[in-house]
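Taking it in order: structure first as structure tokens, then the write-up.
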Amino acid sequence: MARITEIRARTVNVPLINPTSFSNRQVLKREYALVEVTGDDGLKGIGFCYGGNNAGALVTQAVRDLLGPILIGEDTHRVEGLWQEMYQESLLHGRTGSVMRAISIIDMALWDRNARAANLPLYKFLGATETDSVPAYASGGYYLEGKTPEKLAEEMKGYVAKGFKAVKMKVGREDLAGEEARLVAVREAVGSDVLVMLDANNAWSDLPSALRFMRMAEPYSPYWIEEPFSPDDIDNHRRLAARTPVPVATGEIEAGRWRFKELLDKEAAMILQTDAAVCGGITEFRRIAATAASYGVEIFPHWFHDLHIHLVASTPNAAMVEFFADDEVLNFRKLIDTQLEFDGGRLKLPQTPGLGFGFDEDVLTRYAIDSWR
């Protein structure tokens, strides 16, 4: 048995090299909240999340001031119990958002620490379904200044050349003619056998606008339409899902099993994109995945391939990892000391204990907003 002796957190701010746009916003930098949980056996686990473009320190503060103090001295393996105590402690401060992200990264660090103590990769510690590699799709297709449909198509074709059999692109920023030009270029470049996912990033606020886009897009066989509306507008997700043959995917910033159950009960999504760094950690991810399995629904985890490779490899109804081939957008890659390897559209599973990587302290210092404490 090991007991928690220290929980430290810090915030880093990593600028994007190029301003990058989604359907309705632009990102210039990313702030990440990081955590370390240490046991009295000297072993340490790490956790992390995207804290937003600004004020990522809100997550860090919740770790330091709200959640960390109640965990000191607790058994590191009492993960389910500690999750419930953190959730109860935070009821008045918000059951989603920054506080739930703080719960998520502490929970992640506990699982990582315990897997390292067992000298097992995290996916094996959780109970593996795969032990060699898992399938992935290449995520990209962002809006950049001067990025023509031809350049977008070249990017997507490049992913296919690397062996990926599925790719994702952003949609929803341009008018219908502009979006169709982008989609035509991509489909012609990658061929008919490659899955093409479309990510709208909450582009529309009304059903007619979303339907006009889908009627244009349907002939090009998109694999899914992701986040067509605000995450809180579950009813419009349901209405769209009933009116298009293209599966609706959502859930990347949802938290807690209850909201995911509402999505499932209302048939508002055929694909869930649960993010363990957002939803309540690995503990809550597993609950959500088990609930989804009872509805016959698959999970395609959002973001952070270094984390979600372990969850796809240990969750029967988790289908694919979202993979970012460079650090242009997912610049968290700059902060860690080991990168995943891929071949033939599959990511190779780490064979080292825990998550299989650590933070690069020199890089953290370069981007730090505050120090470890």
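Chain lettering (A, B, ...) mirrors the order of the structure tokens, residue numbering begins at 1 for each chain separately, and ligand numbering begins at 1 in order of display.
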Exercise for review: Apply DSSP to the structure's backbone, then extract all residues of segment 104-251 of chain A labelled alpha helix (DSSP H) and return them as a PyMOL selection string.
Suggested key: chain A and resi 104-117+122-126+149-161+176-190+207-217+234-243
Practice item. Fewer than 2 positions away in the same chain doesn't count, so skip those; otherwise give me all residues within 8 Å of Lys157 of chain A, counting only C-alpha atoms, as a ChimeraX atom specification. Key: /A:153-155,159-161,186,189-190
Point to revise | Neighbour list for Cys49 of chain A as number ranges by chain, cut-off 8 Å, only C-alpha atoms, skip fewer than 5 positions in-chain | key: A: 32-34, 101, 105, 277-278
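From atom CA of Ala313 of chain A back to atom CA of Asp132 of chain A, the distance works out to 8.9 Å.
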Check your understanding: Hey, what's within 12 Å of segment 226-231 of chain A if we count only C-alpha atoms and toss same-chain stuff fewer than 5 positions away? As a ChimeraX atom specification, please?
Key -> /A:22-24,168-173,196-211,213-214,236-241,246-255,259-260,262-263,268-273,300,302
Point to revise | All residues 6 Å or closer to segment 107-121 of chain A, only C-alpha atoms, same chain fewer than 6 positions away omitted, as a list in words | key: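 Counting only C-alpha atoms, the residues come to Val37, Lys44, Gly45, Ile46, Gly47, Gly281, Ile282, Gln351, Thr352, Pro353, Gly354 and Leu355 of chain A.
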Point to revise | Shell around Ser21 of chain A at 10 Å using only C-alpha atoms, local window under 5 positions removed, as a PyMOL selection string | key: chain A and resi 26-28+142-145+170+173
Can those selected residues be exported to a file as a PDB file, in the first residue's frame so that it contains C-alpha atoms?
ATOM      1  CA  GLN A  26      -9.175  31.369 -33.899  1.00  0.00           C
ATOM      2  CA  VAL A  27      -6.501  29.945 -31.592  1.00  0.00           C
ATOM      3  CA  LEU A  28      -3.174  31.699 -31.014  1.00  0.00           C
ATOM      4  CA  TYR A 142      -7.676  23.339 -40.061  1.00  0.00           C
ATOM      5  CA  TYR A 143      -8.313  26.735 -41.599  1.00  0.00           C
ATOM      6  CA  LEU A 144      -5.113  28.702 -42.150  1.00  0.00           C
ATOM      7  CA  GLU A 145      -4.512  31.959 -43.990  1.00  0.00           C
ATOM      8  CA  LYS A 170     -12.659  21.128 -40.236  1.00  0.00           C
ATOM      9  CA  ARG A 173     -16.324  28.451 -41.568  1.00  0.00           C
TER      10      ARG A 173
END
Exercise for review: Name the residues in contact with Glu85 of chain A at a cut-off of 12 Å, using only C-alpha atoms, excluding same-chain residues fewer than 5 positions from it; report them as a PyMOL selection string.
Suggested key: chain A and resi 66-71+74+78-80+90-91+103+107
